[in-house]
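Colleague: Structure file structure-v1.pdb (PDB, C-alpha atoms) is given on the next line.
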MODEL        1
ATOM      1  CA  MET H  14      40.781 -44.990  45.680
ATOM      2  CA  LYS H  15      40.488 -48.769  45.371
ATOM      3  CA  LYS H  16      36.828 -48.599  46.356
ATOM      4  CA  LYS H  17      36.144 -46.056  43.601
ATOM      5  CA  ILE H  18      37.873 -48.255  41.037
ATOM      6  CA  LEU H  19      35.935 -51.323  42.156
ATOM      7  CA  LYS H  20      32.699 -49.361  42.107
ATOM      8  CA  GLY H  21      33.455 -48.156  38.582
ATOM      9  CA  LEU H  22      34.249 -51.665  37.420
ATOM     10  CA  LEU H  23      31.008 -52.932  38.923
ATOM     11  CA  VAL H  24      29.011 -50.251  37.121
ATOM     12  CA  VAL H  25      30.701 -51.163  33.827
ATOM     13  CA  ALA H  26      30.077 -54.883  34.411
ATOM     14  CA  LEU H  27      26.401 -54.264  35.162
ATOM     15  CA  ALA H  28      26.041 -52.098  32.083
ATOM     16  CA  VAL H  29      27.687 -54.725  29.872
ATOM     17  CA  SER H  30      25.453 -57.428  31.353
ATOM     18  CA  ALA H  31      22.366 -55.342  30.731
ATOM     19  CA  VAL H  32      23.292 -54.604  27.118
ATOM     20  CA  THR H  33      24.221 -58.243  26.495
ATOM     21  CA  GLY H  34      20.965 -59.439  27.993
ATOM     22  CA  TRP H  35      18.988 -57.054  25.796
ATOM     23  CA  ILE H  36      20.818 -58.191  22.651
ATOM     24  CA  VAL H  37      20.222 -61.857  23.504
ATOM     25  CA  TYR H  38      16.546 -61.136  24.165
ATOM     26  CA  GLN H  39      16.163 -59.344  20.819
ATOM     27  CA  GLY H  40      17.997 -62.113  18.987
ATOM     28  CA  TYR H  41      15.862 -64.808  20.587
ATOM     29  CA  GLU H  42      12.696 -62.917  19.666
ATOM     30  CA  GLU H  43      13.860 -62.671  16.043
ATOM     31  CA  TYR H  44      14.635 -66.396  16.057
ATOM     32  CA  THR H  45      11.190 -67.315  17.406
ATOM     33  CA  ARG H  46       9.476 -65.205  14.742
ATOM     34  CA  ALA H  47      11.560 -66.798  11.998
ATOM     35  CA  ILE H  48      10.936 -70.409  12.956
ATOM     36  CA  ALA H  49       7.251 -69.746  13.620
ATOM     37  CA  GLU H  50       6.946 -68.934   9.911
ATOM     38  CA  ARG H  51       9.163 -71.791   8.758
ATOM     39  CA  PRO H  52      10.432 -74.359  11.274
ATOM     40  CA  VAL H  53      13.924 -75.711  10.664
ATOM     41  CA  ALA H  54      12.574 -79.207   9.957
ATOM     42  CA  GLN H  55      10.264 -77.761   7.293
ATOM     43  CA  MET H  56      13.105 -75.816   5.699
ATOM     44  CA  PHE H  57      15.236 -78.960   5.457
ATOM     45  CA  ALA H  58      12.318 -80.974   4.054
ATOM     46  CA  ASP H  59      11.584 -78.307   1.443
ATOM     47  CA  GLU H  60      15.208 -78.101   0.312
ATOM     48  CA  MET H  61      15.700 -81.869   0.166
ATOM     49  CA  ALA H  62      12.508 -82.226  -1.873
ATOM     50  CA  GLU H  63      13.928 -80.088  -4.697
ATOM     51  CA  ASP H  64      14.538 -82.089  -7.878
ATOM     52  CA  ASP H  65      18.144 -80.932  -8.118
ATOM     53  CA  PHE H  66      19.070 -81.540  -4.470
ATOM     54  CA  VAL H  67      22.230 -83.635  -4.121
ATOM     55  CA  TYR H  68      22.174 -85.830  -1.020
ATOM     56  CA  ALA H  69      25.229 -86.337   1.154
ATOM     57  CA  ASP H  70      25.974 -89.819  -0.192
ATOM     58  CA  GLN H  71      26.142 -88.380  -3.723
ATOM     59  CA  LEU H  72      28.636 -85.661  -2.786
ATOM     60  CA  PRO H  73      32.284 -86.405  -3.617
ATOM     61  CA  GLU H  74      34.433 -86.809  -0.506
ATOM     62  CA  MET H  75      36.930 -84.278  -1.862
ATOM     63  CA  LEU H  76      34.195 -81.670  -2.264
ATOM     64  CA  LYS H  77      32.948 -82.211   1.268
ATOM     65  CA  ALA H  78      36.476 -82.093   2.684
ATOM     66  CA  SER H  79      37.284 -78.946   0.693
ATOM     67  CA  VAL H  80      34.196 -77.082   1.884
ATOM     68  CA  ILE H  81      34.816 -78.029   5.511
ATOM     69  CA  ALA H  82      38.526 -77.152   5.389
ATOM     70  CA  THR H  83      37.786 -73.782   3.815
ATOM     71  CA  GLU H  84      34.594 -72.705   5.562
ATOM     72  CA  ASP H  85      34.488 -74.399   8.987
ATOM     73  CA  ALA H  86      37.496 -76.619   9.700
ATOM     74  CA  ARG H  87      36.188 -77.917  13.043
ATOM     75  CA  PHE H  88      32.658 -78.591  11.778
ATOM     76  CA  MET H  89      32.742 -82.398  12.012
ATOM     77  CA  THR H  90      34.551 -82.553  15.368
ATOM     78  CA  ARG H  91      33.044 -79.590  17.217
ATOM     79  CA  TRP H  92      30.350 -80.515  19.725
ATOM     80  CA  THR H  93      29.231 -76.922  20.403
ATOM     81  CA  THR H  94      27.006 -74.759  18.200
ATOM     82  CA  LEU H  95      29.552 -71.942  18.134
ATOM     83  CA  ASP H  96      33.186 -72.117  17.065
ATOM     84  CA  TYR H  97      34.730 -70.313  20.020
ATOM     85  CA  ILE H  98      38.175 -70.136  18.401
ATOM     86  CA  ALA H  99      36.809 -68.441  15.291
ATOM     87  CA  LEU H 100      34.521 -66.285  17.425
ATOM     88  CA  SER H 101      37.453 -65.084  19.541
ATOM     89  CA  ARG H 102      39.444 -64.267  16.410
ATOM     90  CA  ALA H 103      36.470 -62.365  14.982
ATOM     91  CA  THR H 104      36.004 -60.442  18.241
ATOM     92  CA  ILE H 105      39.629 -59.296  18.163
ATOM     93  CA  ARG H 106      39.207 -58.136  14.545
ATOM     94  CA  ASN H 107      36.025 -56.271  15.420
ATOM     95  CA  ILE H 108      37.773 -54.480  18.281
ATOM     96  CA  GLN H 109      40.729 -53.617  16.049
ATOM     97  CA  ASN H 110      38.388 -52.171  13.419
ATOM     98  CA  LEU H 111      36.095 -50.473  15.947
ATOM     99  CA  GLY H 112      33.076 -52.091  14.359
ATOM    100  CA  TYR H 113      31.361 -55.309  13.324
ATOM    101  CA  VAL H 114      33.396 -56.682  10.398
ATOM    102  CA  GLU H 115      33.529 -60.431  11.111
ATOM    103  CA  GLY H 116      31.224 -62.868  12.852
ATOM    104  CA  GLY H 117      33.069 -66.167  13.114
ATOM    105  CA  SER H 118      30.162 -67.996  11.504
ATOM    106  CA  THR H 119      29.954 -71.783  11.389
ATOM    107  CA  ILE H 120      28.386 -73.708   8.512
ATOM    108  CA  PRO H 121      25.041 -74.039  10.390
ATOM    109  CA  GLN H 122      25.059 -70.293  11.092
ATOM    110  CA  GLN H 123      25.671 -69.551   7.412
ATOM    111  CA  ILE H 124      22.690 -71.730   6.532
ATOM    112  CA  ALA H 125      20.598 -69.829   9.076
ATOM    113  CA  LYS H 126      21.683 -66.513   7.562
ATOM    114  CA  ASN H 127      20.898 -67.671   4.029
ATOM    115  CA  PHE H 128      17.424 -69.078   4.694
ATOM    116  CA  TYR H 129      16.199 -66.844   7.500
ATOM    117  CA  PHE H 130      18.043 -63.609   8.143
ATOM    118  CA  GLY H 131      19.917 -62.182   5.163
ATOM    119  CA  ASP H 132      23.205 -60.292   5.248
ATOM    120  CA  GLU H 133      22.584 -57.733   8.001
ATOM    121  CA  MET H 134      25.640 -57.806  10.286
ATOM    122  CA  THR H 135      24.460 -57.144  13.840
ATOM    123  CA  LEU H 136      24.939 -58.890  17.156
ATOM    124  CA  ARG H 137      21.179 -59.423  17.371
ATOM    125  CA  ARG H 138      21.266 -61.319  14.103
ATOM    126  CA  LYS H 139      24.211 -63.431  15.256
ATOM    127  CA  VAL H 140      22.211 -64.455  18.326
ATOM    128  CA  ALA H 141      19.226 -65.390  16.147
ATOM    129  CA  GLU H 142      21.532 -67.422  13.879
ATOM    130  CA  TYR H 143      22.897 -69.232  16.921
ATOM    131  CA  PHE H 144      19.452 -70.463  17.977
ATOM    132  CA  VAL H 145      18.552 -71.651  14.461
ATOM    133  CA  ALA H 146      21.928 -73.408  14.198
ATOM    134  CA  ARG H 147      21.288 -75.063  17.562
ATOM    135  CA  ASP H 148      17.974 -76.420  16.264
ATOM    136  CA  MET H 149      19.688 -77.814  13.164
ATOM    137  CA  LEU H 150      22.354 -79.625  15.155
ATOM    138  CA  LYS H 151      19.732 -81.170  17.425
ATOM    139  CA  ALA H 152      17.545 -82.454  14.592
ATOM    140  CA  PHE H 153      19.916 -83.349  11.761
ATOM    141  CA  SER H 154      23.223 -85.088  11.199
ATOM    142  CA  LYS H 155      26.257 -83.077  10.211
ATOM    143  CA  GLU H 156      26.286 -84.854   6.854
ATOM    144  CA  GLU H 157      22.735 -83.612   6.201
ATOM    145  CA  ILE H 158      23.638 -80.082   7.296
ATOM    146  CA  LEU H 159      26.715 -80.077   5.070
ATOM    147  CA  ALA H 160      24.610 -81.237   2.115
ATOM    148  CA  ILE H 161      22.166 -78.362   2.659
ATOM    149  CA  TYR H 162      25.069 -75.916   2.744
ATOM    150  CA  ILE H 163      26.753 -77.201  -0.423
ATOM    151  CA  ASN H 164      23.450 -77.290  -2.314
ATOM    152  CA  MET H 165      22.358 -73.801  -1.296
ATOM    153  CA  ASN H 166      25.430 -72.026  -2.658
ATOM    154  CA  TYR H 167      25.617 -69.948  -5.808
ATOM    155  CA  TYR H 168      28.568 -70.943  -7.988
ATOM    156  CA  GLY H 169      28.658 -68.064 -10.451
ATOM    157  CA  ASP H 170      27.769 -67.932 -14.157
ATOM    158  CA  GLY H 171      24.071 -68.345 -13.360
ATOM    159  CA  TYR H 172      24.551 -71.711 -11.636
ATOM    160  CA  ASP H 173      22.414 -71.690  -8.513
ATOM    161  CA  GLY H 174      23.109 -74.911  -6.634
ATOM    162  CA  LEU H 175      25.656 -77.675  -6.990
ATOM    163  CA  GLU H 176      23.973 -79.773  -9.660
ATOM    164  CA  ALA H 177      23.570 -76.786 -11.969
ATOM    165  CA  ALA H 178      27.237 -75.901 -11.465
ATOM    166  CA  THR H 179      28.621 -79.375 -12.142
ATOM    167  CA  HIS H 180      26.491 -79.811 -15.252
ATOM    168  CA  GLY H 181      27.056 -76.273 -16.476
ATOM    169  CA  TYR H 182      30.797 -76.076 -15.916
ATOM    170  CA  PHE H 183      31.885 -79.662 -16.514
ATOM    171  CA  GLY H 184      28.980 -81.632 -17.977
ATOM    172  CA  VAL H 185      29.027 -84.243 -15.180
ATOM    173  CA  ASP H 186      26.924 -85.302 -12.209
ATOM    174  CA  PRO H 187      28.219 -84.121  -8.811
ATOM    175  CA  ILE H 188      29.384 -87.613  -7.783
ATOM    176  CA  ASP H 189      31.639 -87.738 -10.858
ATOM    177  CA  LEU H 190      33.577 -84.561 -10.108
ATOM    178  CA  THR H 191      37.332 -84.974 -10.217
ATOM    179  CA  ASP H 192      39.399 -83.747  -7.279
ATOM    180  CA  ALA H 193      40.517 -80.780  -9.396
ATOM    181  CA  GLN H 194      36.924 -79.864 -10.238
ATOM    182  CA  ALA H 195      35.751 -80.334  -6.650
ATOM    183  CA  THR H 196      38.454 -78.117  -5.175
ATOM    184  CA  ILE H 197      37.894 -75.312  -7.652
ATOM    185  CA  LEU H 198      34.118 -75.400  -7.108
ATOM    186  CA  ALA H 199      34.563 -75.293  -3.334
ATOM    187  CA  GLY H 200      36.278 -71.937  -3.593
ATOM    188  CA  ILE H 201      33.796 -70.124  -5.825
ATOM    189  CA  PRO H 202      30.873 -69.430  -3.402
ATOM    190  CA  GLN H 203      32.914 -67.018  -1.275
ATOM    191  CA  ALA H 204      32.653 -64.477  -4.117
ATOM    192  CA  PRO H 205      30.899 -66.138  -7.086
ATOM    193  CA  SER H 206      30.687 -63.102  -9.339
ATOM    194  CA  HIS H 207      34.435 -62.639  -8.904
ATOM    195  CA  TYR H 208      35.572 -66.266  -9.133
ATOM    196  CA  GLN H 209      33.174 -67.551 -11.810
ATOM    197  CA  LEU H 210      35.081 -69.514 -14.402
ATOM    198  CA  SER H 211      33.808 -67.728 -17.500
ATOM    199  CA  THR H 212      35.319 -64.375 -16.564
ATOM    200  CA  ASN H 213      38.059 -65.046 -14.018
ATOM    201  CA  TYR H 214      39.625 -68.455 -14.493
ATOM    202  CA  ASP H 215      42.954 -67.236 -13.071
ATOM    203  CA  GLY H 216      41.214 -65.882  -9.977
ATOM    204  CA  ALA H 217      39.372 -69.168  -9.530
ATOM    205  CA  LYS H 218      42.676 -71.034  -9.767
ATOM    206  CA  ALA H 219      44.188 -68.749  -7.132
ATOM    207  CA  ARG H 220      41.214 -69.474  -4.891
ATOM    208  CA  GLN H 221      41.646 -73.194  -5.592
ATOM    209  CA  ARG H 222      45.221 -72.867  -4.351
ATOM    210  CA  HIS H 223      43.854 -71.462  -1.086
ATOM    211  CA  VAL H 224      41.442 -74.403  -0.789
ATOM    212  CA  LEU H 225      44.269 -76.870  -1.392
ATOM    213  CA  ASN H 226      46.456 -75.128   1.176
ATOM    214  CA  ARG H 227      43.651 -75.506   3.720
ATOM    215  CA  LEU H 228      43.370 -79.211   2.894
ATOM    216  CA  VAL H 229      47.099 -79.607   3.480
ATOM    217  CA  LYS H 230      46.951 -77.620   6.725
ATOM    218  CA  THR H 231      44.115 -79.791   8.044
ATOM    219  CA  ASN H 232      46.007 -82.976   7.057
ATOM    220  CA  VAL H 233      43.483 -84.132   4.474
ATOM    221  CA  ILE H 234      46.046 -84.337   1.670
ATOM    222  CA  THR H 235      49.805 -83.955   1.269
ATOM    223  CA  GLU H 236      51.524 -81.010  -0.379
ATOM    224  CA  ALA H 237      52.518 -83.275  -3.247
ATOM    225  CA  ARG H 238      48.895 -84.313  -3.814
ATOM    226  CA  ALA H 239      47.790 -80.672  -3.595
ATOM    227  CA  GLN H 240      50.213 -79.721  -6.341
ATOM    228  CA  GLU H 241      49.078 -82.650  -8.472
ATOM    229  CA  ILE H 242      45.438 -81.580  -8.134
ATOM    230  CA  TYR H 243      46.299 -77.955  -8.898
ATOM    231  CA  ASP H 244      48.145 -78.969 -12.071
ATOM    232  CA  THR H 245      45.241 -81.082 -13.349
ATOM    233  CA  ASP H 246      43.135 -79.598 -16.153
ATOM    234  CA  ILE H 247      39.650 -79.118 -14.700
ATOM    235  CA  TYR H 248      38.130 -79.637 -18.151
ATOM    236  CA  GLY H 249      39.883 -82.953 -18.669
ATOM    237  CA  GLY H 250      41.810 -81.886 -21.733
TER
ENDMDL
END
Would you kindly transcribe this structure into structure tokens?

Modeller:
Amino acid sequence: MKKKILKGLLVVALAVSAVTGWIVYQGYEEYTRAIAERPVAQMFADEMAEDDFVYADQLPEMLKASVIATEDARFMTRWTTLDYIALSRATIRNIQNLGYVEGGSTIPQQIAKNFYFGDEMTLRRKVAEYFVARDMLKAFSKEEILAIYINMNYYGDGYDGLEAATHGYFGVDPIDLTDAQATILAGIPQAPSHYQLSTNYDGAKARQRHVLNRLVKTNVITEARAQEIYDTDIYGG
């Protein structure tokens, strides 16, 4: 009986290994095709050459902290390409839902998805994203990667990119954003058509509360400071 069980487990293990190997192979092939058309270094150079690109040293510290706390809390301290904690959590959710509903993406992986692969949610695509993200982390600083991420986002109301959003919503340059403005902007890209300020100010404020809670949880600010920021008029009135 034990031999049959062990034999069955071995067959399952071999099957899983074979499927995993095939998925990794397909993902790597997709990655090689993508970077052959546009290497990561070229993509970064193209984006940074845009007239409205905001470099890392012109990004408010509160905006950077808010994006990291909300999107990828271990981004600055993680030395691996993948966030294994988030990936494990996503795997459990996928098993619970009997399908692919969450990918545990890091900021570099989200950049890879945006510039190379689109929104298709498959394991093959996640593998391809991993390899592009690995290339980014080898060639660029995390400050540069974060700047690419913040600049690439859509902020609702027709504002594609950070500079357009800060000028359009508040009439200021990105470096002059207040903490209240920075924290509300950081929450919009998750669902820009839903959180855009012109049509759903209350929803945007609720999302800002989530951003502030993440900043408190990651010890960036105190609860008292979070409340002070939340209570501040984003339009300066």

Colleague: Evaluating the PyMOL selection byres ((chain H and resi 202) around 8) on the displayed file yields which residues, as a ChimeraX atom specification?

Modeller: /H:166-169,198-201,203-205

Colleague: Return as a Markdown table the residues of range 109-227 of chain H lying at most 7 Å from range 44-65 of chain H, together with the closest atom-to-atom pair for each and the distance in Å to one decimal, counting all atoms listed in the file, with rows in chain order and ascending residue number.

Modeller:
| residue | atom | partner | partner_atom | distance |
| --- | --- | --- | --- | --- |
| H:Tyr129 | CA | H:Ala47 | CA | 6.5 |
| H:Ala141 | CA | H:Tyr44 | CA | 4.7 |
| H:Phe144 | CA | H:Tyr44 | CA | 6.6 |
| H:Val145 | CA | H:Tyr44 | CA | 6.7 |
| H:Asp148 | CA | H:Val53 | CA | 6.9 |
| H:Met149 | CA | H:Val53 | CA | 6.6 |
| H:Glu176 | CA | H:Asp65 | CA | 6.1 |

Colleague: Separation of CA of Trp35 in chain H and CA of Val140 in chain H, in Å?

Modeller: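 Between CA of Trp35 in chain H and CA of Val140 in chain H the gap works out to 11.0 Å.
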
Colleague: When you look at Phe183 in chain H with a cut-off of 12 Å (counting all atoms listed in the file), what residues show up, excluding the ones that are within fewer than 3 positions of it in the same chain? I need them as a list in words.

Modeller: Tyr172, Leu175, Glu176, Ala177, Ala178, Thr179, His180, Asp186, Pro187, Asp189, Leu190, Thr191, Ala193, Gln194, Ala195, Ile197, Leu198, Leu210, Asp246, Ile247, Tyr248, Gly249 and Gly250 of chain H

Colleague: Could you work out how far CA of Gln39 in chain H lies from CA of Leu136 in chain H, giving the answer in Å with one decimal?

Modeller: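 Pair CA of Leu136 in chain H / CA of Gln39 in chain H returns 9.5 Å.
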
Colleague: Enumerate, as a list in words, the residues matched when the PyMOL selection byres ((chain H and resi 226) around 10) is run on the file above.

Modeller: Ser79, Ala82, Thr83, Arg220, Gln221, Arg222, His223, Val224, Leu225, Arg227, Leu228, Val229, Lys230, Thr231, Asn232, Ile234, Thr235, Glu236, Ala239 and Gln240 of chain H

Colleague: Which distance in Å separates CA of Pro121 in chain H and CA of Ala146 in chain H, to one decimal?

Modeller: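 Answer for the CA of Pro121 in chain H to CA of Ala146 in chain H separation: 5.0 Å.
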
Colleague: I'd like the contact shell of Ile124 in chain H - 7 Å cut-off, all atoms listed in the file, skipping same-chain residues fewer than 4 positions apart - returned as a ChimeraX atom specification.

Modeller: /H:120,128,162

Colleague: Evaluate the PyMOL selection byres ((chain H and resi 211) around 12) against this structure - the residues, as number ranges by chain, please.

Modeller: H: 168-172, 181-182, 201, 205-210, 212-217

Colleague: Kindly indicate which residue among H:Arg137, H:Ala160, H:Ile242, H:Ser154 lies nearest to Ile36 in chain H, using only C-alpha atoms for the distances.

Modeller: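 Smallest separation from Ile36 in chain H among the options: H:Arg137.
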
Colleague: Between H:Thr33, H:Thr196, H:Asn127, H:Ser118, which is the closest to Ile161 in chain H once you count all atoms listed in the file?

Modeller: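 Using all atoms listed in the file, the shortest distance to Ile161 in chain H belongs to H:Asn127.
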
Colleague: Which of these residues is nearest to Arg238 in chain H, using only C-alpha atoms: H:Ala125, H:Asp132, H:Arg138, H:Asp192?

Modeller: H:Asp192

Colleague: Around range 176-179 of chain H, with edges along x, y and z and 3 Å added on all six sides, what centre and edge lengths do you get, in Å to one decimal, as JSON?

Modeller:
{"center_x": 26.1, "center_y": -77.8, "center_z": -10.9, "size_x": 11.1, "size_y": 9.9, "size_z": 8.5}

Colleague: Which residue, H:Gln71, H:Thr135, H:Thr245, H:Thr90, has the smallest gap to Ile163 in chain H when you use all atoms listed in the file?

Modeller: H:Gln71

Colleague: Would you mind completing range 30-41 of chain H so that it carries all heavy atoms, and writing it out as a short mmCIF file (atom, residue, chain, number, x, y, z; two decimals), keeping the file's coordinate frame?

Modeller:
data_model
loop_
_atom_site.label_atom_id
_atom_site.label_comp_id
_atom_site.auth_asym_id
_atom_site.auth_seq_id
_atom_site.Cartn_x
_atom_site.Cartn_y
_atom_site.Cartn_z
N SER H 30 26.41 -56.33 31.17
CA SER H 30 25.45 -57.43 31.35
C SER H 30 24.07 -57.04 30.87
O SER H 30 23.37 -57.84 30.22
CB SER H 30 25.39 -57.82 32.83
OG SER H 30 26.63 -58.33 33.27
N ALA H 31 23.68 -55.80 31.15
CA ALA H 31 22.37 -55.34 30.73
C ALA H 31 22.26 -55.27 29.21
O ALA H 31 21.28 -55.72 28.61
CB ALA H 31 22.07 -53.97 31.34
N VAL H 32 23.29 -54.72 28.58
CA VAL H 32 23.29 -54.60 27.12
C VAL H 32 23.31 -56.00 26.48
O VAL H 32 22.56 -56.27 25.52
CB VAL H 32 24.51 -53.78 26.64
CG1 VAL H 32 24.64 -53.86 25.11
CG2 VAL H 32 24.38 -52.34 27.09
N THR H 33 24.14 -56.89 27.02
CA THR H 33 24.22 -58.24 26.50
C THR H 33 22.88 -58.96 26.62
O THR H 33 22.42 -59.62 25.68
CB THR H 33 25.30 -59.05 27.23
OG1 THR H 33 26.57 -58.40 27.07
CG2 THR H 33 25.40 -60.46 26.69
N GLY H 34 22.27 -58.81 27.78
CA GLY H 34 20.96 -59.44 27.99
C GLY H 34 19.92 -58.93 27.02
O GLY H 34 19.11 -59.71 26.49
N TRP H 35 19.95 -57.63 26.73
CA TRP H 35 18.99 -57.05 25.80
C TRP H 35 19.22 -57.57 24.38
O TRP H 35 18.27 -57.89 23.66
CB TRP H 35 19.09 -55.53 25.84
CG TRP H 35 18.19 -54.83 24.87
CD1 TRP H 35 18.56 -54.03 23.83
CD2 TRP H 35 16.76 -54.86 24.85
NE1 TRP H 35 17.45 -53.57 23.15
CE2 TRP H 35 16.33 -54.05 23.76
CE3 TRP H 35 15.80 -55.49 25.65
CZ2 TRP H 35 14.99 -53.88 23.45
CZ3 TRP H 35 14.46 -55.31 25.33
CH2 TRP H 35 14.06 -54.50 24.25
N ILE H 36 20.49 -57.68 23.98
CA ILE H 36 20.82 -58.19 22.65
C ILE H 36 20.37 -59.65 22.51
O ILE H 36 19.79 -60.04 21.49
CB ILE H 36 22.33 -58.06 22.38
CG1 ILE H 36 22.72 -56.59 22.24
CG2 ILE H 36 22.72 -58.84 21.12
CD1 ILE H 36 24.22 -56.36 22.19
N VAL H 37 20.64 -60.45 23.54
CA VAL H 37 20.22 -61.86 23.50
C VAL H 37 18.70 -61.96 23.43
O VAL H 37 18.16 -62.77 22.66
CB VAL H 37 20.76 -62.61 24.74
CG1 VAL H 37 20.14 -64.01 24.81
CG2 VAL H 37 22.28 -62.71 24.69
N TYR H 38 18.01 -61.13 24.19
CA TYR H 38 16.55 -61.14 24.16
C TYR H 38 16.04 -60.79 22.77
O TYR H 38 15.14 -61.47 22.22
CB TYR H 38 16.00 -60.14 25.18
CG TYR H 38 14.51 -59.90 25.08
CD1 TYR H 38 13.61 -60.84 25.57
CD2 TYR H 38 14.01 -58.76 24.45
CE1 TYR H 38 12.24 -60.64 25.46
CE2 TYR H 38 12.65 -58.56 24.32
CZ TYR H 38 11.77 -59.50 24.83
OH TYR H 38 10.41 -59.30 24.70
N GLN H 39 16.59 -59.74 22.16
CA GLN H 39 16.16 -59.34 20.82
C GLN H 39 16.45 -60.44 19.79
O GLN H 39 15.63 -60.73 18.92
CB GLN H 39 16.88 -58.05 20.41
CG GLN H 39 16.39 -56.81 21.12
CD GLN H 39 17.07 -55.57 20.56
OE1 GLN H 39 18.28 -55.51 20.41
NE2 GLN H 39 16.27 -54.57 20.24
N GLY H 40 17.63 -61.04 19.91
CA GLY H 40 18.00 -62.11 18.99
C GLY H 40 17.08 -63.31 19.13
O GLY H 40 16.68 -63.92 18.12
N TYR H 41 16.75 -63.67 20.36
CA TYR H 41 15.86 -64.81 20.59
C TYR H 41 14.46 -64.52 20.04
O TYR H 41 13.83 -65.41 19.44
CB TYR H 41 15.78 -65.13 22.08
CG TYR H 41 14.98 -66.38 22.37
CD1 TYR H 41 15.55 -67.63 22.19
CD2 TYR H 41 13.65 -66.29 22.79
CE1 TYR H 41 14.81 -68.79 22.43
CE2 TYR H 41 12.91 -67.44 23.04
CZ TYR H 41 13.50 -68.68 22.86
OH TYR H 41 12.76 -69.82 23.10
#
